[in-house]
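K.L.:
Once you've had a glance at the structure underneath, I'll fire off some questions.
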4 protein chains.
Amino acid sequence: MRFFSDNAASVHPAVLDALAAANKVDTAYDGDALSAALDARFSTLFETDVTALWVATGTAANSLALAAMCPPYRGVVCHHDAHIQNDEAGAPEFYSGGGKLLLAGGPGAKLTTDTLTTRLDAIANDVHRTQAAAISITNASEYGCVYTAAEVAAIGAVAKARGLRLHMDGARFANAVVHSGDTPANLTWRAGIEALSFGFVKNGGLSAEALILFDQSLAEEIRIRRKRAGHLNSKGRYLAAQIHALLDDDNWLANARAANAGAATLAVAADTRLLHPVEANEVFLTMAPAEAAHLRAQGFDFYDWADNEVRFVVSWDQPRNEIDALASALIAL
Amino acid sequence: MRFFSDNAASVHPAVLDALAAANKVDTAYDGDALSAALDARFSTLFETDVTALWVATGTAANSLALAAMCPPYRGVVCHHDAHIQNDEAGAPEFYSGGGKLLLAGGPGAKLTTDTLTTRLDAIANDVHRTQAAAISITNASEYGCVYTAAEVAAIGAVAKARGLRLHMDGARFANAVVHSGDTPANLTWRAGIEALSFGFVKNGGLSAEALILFDQSLAEEIRIRRKRAGHLNSKGRYLAAQIHALLDDDNWLANARAANAGAATLAVAADTRLLHPVEANEVFLTMAPAEAAHLRAQGFDFYDWADNEVRFVVSWDQPRNEIDALASALIAL
Amino acid sequence: MRFFSDNAASVHPAVLDALAAANKVDTAYDGDALSAALDARFSTLFETDVTALWVATGTAANSLALAAMCPPYRGVVCHHDAHIQNDEAGAPEFYSGGGKLLLAGGPGAKLTTDTLTTRLDAIANDVHRTQAAAISITNASEYGCVYTAAEVAAIGAVAKARGLRLHMDGARFANAVVHSGDTPANLTWRAGIEALSFGFVKNGGLSAEALILFDQSLAEEIRIRRKRAGHLNSKGRYLAAQIHALLDDDNWLANARAANAGAATLAVAADTRLLHPVEANEVFLTMAPAEAAHLRAQGFDFYDWADNEVRFVVSWDQPRNEIDALASALIAL
Amino acid sequence: MRFFSDNAASVHPAVLDALAAANKVDTAYDGDALSAALDARFSTLFETDVTALWVATGTAANSLALAAMCPPYRGVVCHHDAHIQNDEAGAPEFYSGGGKLLLAGGPGAKLTTDTLTTRLDAIANDVHRTQAAAISITNASEYGCVYTAAEVAAIGAVAKARGLRLHMDGARFANAVVHSGDTPANLTWRAGIEALSFGFVKNGGLSAEALILFDQSLAEEIRIRRKRAGHLNSKGRYLAAQIHALLDDDNWLANARAANAGAATLAVAADTRLLHPVEANEVFLTMAPAEAAHLRAQGFDFYDWADNEVRFVVSWDQPRNEIDALASALIAL
């Protein structure tokens with residue numbers, strides 16, 4: 001029973017159907033109708049005009065956005081537990097041409113206005129120190145915590161006051177939307193977000209994420225950078241098709257709802273062990289090595305996060321009986 | 001009738017079937033069985049041990065290979081009509097961190113040992129000039145011409161004599177293999193090629209190319225660079241599945257054979273107009289604007305290459321009747 | 001007798017005197033009075049407000065300017081014989097983060113509006129081709145030819161019409177000014193130049209060039225890039241002092257005049273051999289290897305430029321008797 | 001009375017004399033006799049064969065060494081208070097093409113084997129995390145503390161055991177040598193250092209630092225990178241001359257001894273305020289704003305390091321009466 005990562009999940013049937021439906025001769029790159037329709041589709045979803053670009057991975061989406069927001073000689077403030085800092089092999093530095101990540105803290109891998117302003121204030125304003133150009137936050141965060149719209153807006157106000165760009169890594173944006181009960185618009189551009197990496201792969205997709213540009217002036221540069229990075233697929237219609245399929249019938253919300261619900265079940269079962277509030281589909285627990293071994297002996301697969309800390313991720317397609325079995329096993333520990 | 005680009009072609013049914021067959025929970029990134037099986041599969045095909053990595057695009061494959069072969073402060077010799085020079089938005093420069101493309105000539109977009117050595121000899125050996133680190137050739141070339149194994153080996157001998165790395169851009173490698181009648185091994189590592197961008201997308205794939213490393217010592221670095229470039233898909237098994245499907249039943253050869261045959265038909269029909277020998281699936285013709293307009297009025301779509309020059313590309317799935325219709329129309333011009 | 005390069009020349013005595021005069025405790029980096037005075041000094045010289053930054057080398061000046069003018073994903077049009085293309089080891093690519101040099105021709109290593117527009121027109125306007133962001137010309141050129149103010153202005157008009165930045169590599173700007181008889185202002189910003197690498201080292205300096213920013217909005221970024229490139233000397237006052245010393249008493253003009261006059265003497269002596277008009281301090285001649293050997297046997301040191309082509313450079317401090325001796329020897333060939 | 005920075009100090013008279021003595025026509029770049037003599041000179045000093053290259057700044061020396069030691073996709077472990085992390089505007093990231101600084105702690109801005117190994121052990125060995133390629137330590141450190149030869153060797157043993165390169169930022173290496181009483185060899189290559197940025201500018205130089213390569217295999221690459229970075233001065237003999245002048249008569253040791261002695265005097269005077277041991281020429285003190293203002297009112301200039309923390313730097317040419325006056329003022333606080 002695989003609770004290791006939502007990257008291991010299967011692809012939603014609607015996505016495979018959409019690939020088959022898209023399978024005819026059509027214009028190359030992103031000149032096809034499916035790709036062209038993304039702008040309108042996401043503009044409706046976000047209640048404002050946006051540019052929407054498909055890319056294959058969240059790392060590509062994040063790095064393209066940050067490279068357009070941060071020149072090589074400036075930096076991006078992010079949490080010290082951010083995916084862009086720890087899990088992308090230096091992609092932001094590569095794409096930006098040597099930009100620097102400027103690290104700050106905050107509970108649950110979420111920046112607060114306090115940790116953010118403290119970090120920014122520590123940078124003397126001269127040519128010797130790397131000045132910030134942008135801020136990146138992750139929603140849901142790397143610890144499965146969700147920024148409310150108000151929390152994002154507070155970060156957005158700091159960004160605006162200091163002339164900084166604001167990016168959201170939404171690898172699990174769907175999970176954040178579901179948990180918050182708020183609108184995509186309120187969680188993003190209305191709160192100051194200028195670009196969103198909107199994840200679909202963890203949530204039932206195959207190989208397509210959407211980079212949503214609320215600041216559409218970024219689009220021209222990012223289109224070029226996408227090509228230059230080898231991310232302008234020549235048969236882009238098959239990426240666009242995946243995204244449409246997940247937006248259809250609100251599949252993206254249903255998938256995230258299922259995953260969040262599973263995690264909530266686990267959280268109740270293991271409430272005394274919780275390292276962070278469970279607000280999305282990830283559950284971080286304190287657990288002794290012997291306990292972890294005991295669970296593994298029962299067929300549960302999961303990630304050793306740190307000493308005496310483990311992570312369980314519930315996927316969109318996780319069978320209910322697996323969740324219940326794990327909940328029982330956690331209670332029984 | 002679309003002769004604009006093989007990028008516009010459809011996906012081979014076996015590829016879609018393979019995606020469906022791969023659709024179950026499995027290990028993320030490239031830890032799955034399908035990805036793991038690529039090394040053995042290509043090792044058999046190439047009659048030697050290779051490392052095979054999937055990536056989404058030919059630009060990514062080329063750039064990853066070249067970045068590992070050429071440090072930022074050196075250069076890659078290529079043809080002045082090479083795809084890496086003209087059609088990748090500076091991807092080699094991006095991936096290599098500022099490496100330089102050192103341009104040489106040759107008929108049919110193919111380097112010759114003469115053009116190559118002349119270019120290399122022109123570089124004074126001091127720290128002021130960018131010294132070459134690698135050579136990149138395209139087979140089939142950008143003008144649809146095919147290097148024979150002997151021609152590749154001659155380039156390979158120059159590379160070896162001068163301590164230079166040798167890369168092959170094989171966006172249309174299948175077409176070259178079919179035309180040459182030679183083995184993949186003879187056209188590559190036996191002739192000195194150390195890394196091959198083995199194209200599948202133009203030849204029936206959806207979003208997977210293979211980067212074949214005959215020099216397996218390059219693999220560790222390229223794996224990291226792939227991640228860093230956002231090209232380590234989290235559900236990599238769906239990329240591996242595509243490649244397996246095209247290798248199955250020699251689909252890749254059948255597809256290339258069909259495309260080459262179509263181009264050969266056009267070449268016969270327009271033999272007085274040929275700008276280059278037709279050895280793969282591309283046909284470059286001299287054509288007056290009025291003639292081109294006349295063809296377009298008959299429903300043929302193709303590319304204006306230059307003044308009075310047009311390009312037709314025959315795709316793997318091009319209907320025979322479209323080819324015949326175009327051949328007739330060319331004759332009738 | 002050294003006619004190899006003006007880089008081999010000595011340092012003007014006024015420069016050494018200025019270093020000694022500057023030798024006291026003062027503010028670090030460029031916070032000192034000498035550095036601060038450069039803006040005003042060059043603003044007077046150029047009859048407009050400029051920002052003037054010292055750097056150690058022409059390569060640094062060129063690369064800093066171009067990096068600020070050209071994003072990593074665009075290109076700089078320059079002559080295929082330009083110093084930035086051939087003699088800076090890829091510095092523009094390094095500083096710009098992988099920007100591309102887009103090469104054009106023209107006699108005497110000078111771009112013309114024709115060669116420039118032909119090159120620009122050849123770039124299809126899509127994301128696959130590297131679009132131009134800037135133009136760089138060298139005055140005096142790499143072949144010792146001088147752009148008139150009108151010629152610069154014609155280039156400037158093209159740049160303006162196409163929204164491109166315009167940089168001048170003035171490693172031998174003094175020689176160009178002297179030859180043209182025109183004002184520094186007319187040769188630069190009045191003709192559309194936005195940044196000038198104003199060379200002093202070849203013309204009597206020790207280790208200080210001036211980067212003149214007519215577009216002062218570039219200054220903030222370039223100041224940061226200068227630091228980041230390790231070119232913000234901690235004792236910058238000693239660089240500023242050199243520049244002041246060469247501007248004092250019009251030493252820079254006197255030095256260039258001397259060098260140009262020497263080259264003119266050689267040009268008269270070898271007029272049947274001239275490869276390019278002699279308008280600055282460089283003389284390119286056709287010369288058989290035996291003739292070159294004969295000259296070397298007489299003690300003349302010079303550069304083998306290409307097969308049957310040699311280069312003589314007259315330095316600011318070249319003794320008159322050496323020039324006369326070489327002139328006689330050339331006549332006697 | 002300037003205790004702000006040793007960068008504000010004057011140039012040693014022997015350096016100016018050496019510039020005058022070097023002032024004749026000679027080979028350009030580093031082809032001259034003075035530059036060529038550096039290898040032998042430093043080989044004698046370090047009791048082993050080294051390659052010694054002049055560069056203008058410590059930032060350039062550090063970045064060139066680190067770029068050769070760390071590929072773009074790896075990282076350099078350094079102290080979180082290291083100059084390369086905080087005071088070089090991202091130069092290591094720029095030169096390395098996006099390499100990452102991996103930060104660790106330790107008292108006095110010195111890494112310990114404990115902090116180093118803890119940091120290294122925290123990096124999971126996969127392609128998602130940036131793996132270390134090198135370690136950089138600063139001697140004397142940014143807080144004026146000195147690594148003993150044994151401490152360096154302990155770091156060196158970790159580096160060797162893990163296959164990591166080892167660099168020393170010796171902006172104040174002279175001060176470290178003087179304090180340690182040990183030999184340059186023992187403090188560097190015998191302890192595992194492979195490249196040393198040997199500072200001269202803070203210690204009486206004008207614009208020349210030496211990059212000492214104990215691993216001479218790094219030299220070829222670094223020579224190219226130096227040119228590419230615009231740091232190959234065309235009149236390099238004037239940089240070499242500065243270094244020779246400071247090595248002559250052990251001027252470098254005398255200068256450092258004077259500066260260290262001055263700092264020691266201040267340390268005694270303010271011993272209850274010391275934030276770090278005073279082992280070189282820097283003195284970090286706790287000091288209330290009112291106290292700092294009181295000192296400034298007496299004519300002392302110094303740096304506000306942090307809240308209630310100030311830094312005094314004693315320069316090689318600091319007049320004894322200024323030191324005594326400051327000592328008295330500190331006692332009187």
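For the structure tokens, the naming scheme is as follows: chains receive sequential letters (A, B, ...) according to their order of presentation, residues are indexed from 1 within each chain, and ligands are indexed from 1 in presentation order.
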Please report, as JSON, numbers by chain, each residue of stretch 44-262 of chain A to which DSSP assigns strand (DSSP E) when run on this structure's backbone.

P.N.:
{"A": [51, 52, 53, 54, 55, 75, 76, 77, 78, 79, 100, 101, 102, 103, 104, 132, 133, 134, 135, 136, 137, 138, 165, 166, 167, 168, 169, 170, 195, 196, 197, 198, 209, 210, 211, 212, 213]}

K.L.:
Neighbours of stretch 119-126 of chain C within 12 Å (only C-alpha atoms; same-chain residues fewer than 4 positions away dropped), as a VMD selection string?

P.N.:
(chain A and resid 29 31 220 to 221 223 to 224 227 to 228) or (chain B and resid 86 to 89 304 to 307) or (chain C and resid 74 to 80 101 to 106 111 to 115 130 to 135 158 to 159 161 to 164)

K.L.:
Using only C-alpha atoms, which protein or nucleic acid residues come within 6 Å of D:Arg172? Drop anything in the same chain fewer than 2 positions from it, and give the result as a list in words.

P.N.:
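Near D:Arg172, the qualifying residues are Ala140, Gly170, Ala174, Asn175 and Gly199 of chain D.
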
K.L.:
Store the residues picked out above in a file with N, CA, C and O atoms, as a PDB file, in the first residue's frame.

P.N.:
```
ATOM      1  N   ALA D 140      42.475  34.483   7.708  1.00  0.00           N
ATOM      2  CA  ALA D 140      41.676  34.655   8.890  1.00  0.00           C
ATOM      3  C   ALA D 140      40.211  34.815   8.509  1.00  0.00           C
ATOM      4  O   ALA D 140      39.896  35.313   7.446  1.00  0.00           O
ATOM      5  N   GLY D 170      41.856  33.636   1.500  1.00  0.00           N
ATOM      6  CA  GLY D 170      42.892  34.248   2.321  1.00  0.00           C
ATOM      7  C   GLY D 170      43.005  35.739   2.094  1.00  0.00           C
ATOM      8  O   GLY D 170      44.112  36.255   1.944  1.00  0.00           O
ATOM      9  N   ALA D 174      47.809  36.808   5.271  1.00  0.00           N
ATOM     10  CA  ALA D 174      49.024  37.293   5.944  1.00  0.00           C
ATOM     11  C   ALA D 174      48.783  37.413   7.442  1.00  0.00           C
ATOM     12  O   ALA D 174      49.637  37.014   8.262  1.00  0.00           O
ATOM     13  N   ASN D 175      47.635  37.938   7.810  1.00  0.00           N
ATOM     14  CA  ASN D 175      47.328  38.082   9.240  1.00  0.00           C
ATOM     15  C   ASN D 175      47.216  36.720   9.913  1.00  0.00           C
ATOM     16  O   ASN D 175      47.597  36.561  11.074  1.00  0.00           O
ATOM     17  N   GLY D 199      45.463  37.239  -0.360  1.00  0.00           N
ATOM     18  CA  GLY D 199      45.153  38.653  -0.437  1.00  0.00           C
ATOM     19  C   GLY D 199      46.362  39.550  -0.260  1.00  0.00           C
ATOM     20  O   GLY D 199      47.181  39.317   0.627  1.00  0.00           O
TER      21      GLY D 199
END
```

K.L.:
Can you work out which one of D:Glu322, D:Glu279, D:Asp215, D:Asp271 has the shortest atom-to-atom distance to D:Ala65, counting only C-alpha atoms?

P.N.:
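Selected residue with least distance to D:Ala65: D:Asp215.
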
K.L.:
Measure the distance from atom CA of B:Leu333 to atom CA of B:Ala269 in Å and round it to one decimal.

P.N.:
10.3 Å

K.L.:
Within 8 Å of chain C, which residues of chain D show up? Give each one with its shortest atom-to-atom distance in Å (one decimal) and the two atoms involved, counting only C-alpha atoms, rows by chain then rising residue number, as CSV.

P.N.:
```
residue,atom,partner,partner_atom,distance
D:Arg2,CA,C:Val25,CA,8.0
D:Ser5,CA,C:Ala28,CA,7.6
D:Asn7,CA,C:Ala28,CA,5.4
D:Ala8,CA,C:Ala28,CA,4.7
D:Ala9,CA,C:Val25,CA,4.8
D:Ser10,CA,C:Lys24,CA,4.8
D:Val11,CA,C:Asn23,CA,6.1
D:Leu16,CA,C:Ala20,CA,6.9
D:Leu19,CA,C:Leu16,CA,7.7
D:Ala20,CA,C:Leu16,CA,6.9
D:Asn23,CA,C:Ser10,CA,5.5
D:Lys24,CA,C:Ser10,CA,4.8
D:Val25,CA,C:Ala9,CA,4.8
D:Asp26,CA,C:Ala8,CA,5.1
D:Thr27,CA,C:Ala8,CA,5.2
D:Ala28,CA,C:Ala8,CA,4.8
D:Tyr29,CA,C:Asn7,CA,7.7
D:Ala56,CA,C:Asn233,CA,6.9
D:Thr57,CA,C:Gly230,CA,6.0
D:Gly58,CA,C:Gly230,CA,7.4
D:Thr59,CA,C:Gly230,CA,4.9
D:Ala60,CA,C:Gly230,CA,4.6
D:Glu88,CA,C:Arg228,CA,6.0
D:Ala89,CA,C:Arg228,CA,4.9
D:Gly90,CA,C:Arg228,CA,5.8
D:Ala91,CA,C:Arg228,CA,4.5
D:Phe94,CA,C:Arg228,CA,7.2
D:Tyr95,CA,C:Ala229,CA,7.7
D:Val201,CA,C:Ser234,CA,7.8
D:Leu206,CA,C:Lys235,CA,6.6
D:Ser207,CA,C:Asn233,CA,6.9
D:Ile224,CA,C:Ala89,CA,7.1
D:Lys227,CA,C:Ala89,CA,6.4
D:Arg228,CA,C:Ala91,CA,4.5
D:Ala229,CA,C:Ala91,CA,6.0
D:Gly230,CA,C:Ala60,CA,4.6
D:His231,CA,C:Thr57,CA,7.0
D:Leu232,CA,C:Thr57,CA,7.7
D:Asn233,CA,C:Thr57,CA,6.0
D:Ser234,CA,C:Asn7,CA,5.7
D:Lys235,CA,C:Asn7,CA,6.2
D:Tyr238,CA,C:Leu206,CA,7.2
```

K.L.:
Counting only C-alpha atoms, what is within 12 Å of B:Gly181, bar same-chain residues fewer than 6 positions away, as a VMD selection string?

P.N.:
chain B and resid 146 to 149 174 to 175 187 253 257 279

K.L.:
Have a look at atom CA of D:Leu211 and atom CA of C:Gly98 and let me know their distance in Å, one decimal.

P.N.:
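Value for the atom CA of D:Leu211-atom CA of C:Gly98 distance: 26.5 Å.
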
K.L.:
Could you state the separation of atom CA of A:Leu330 and atom CA of A:Glu291 in Å, given to one decimal place?

P.N.:
9.2 Å
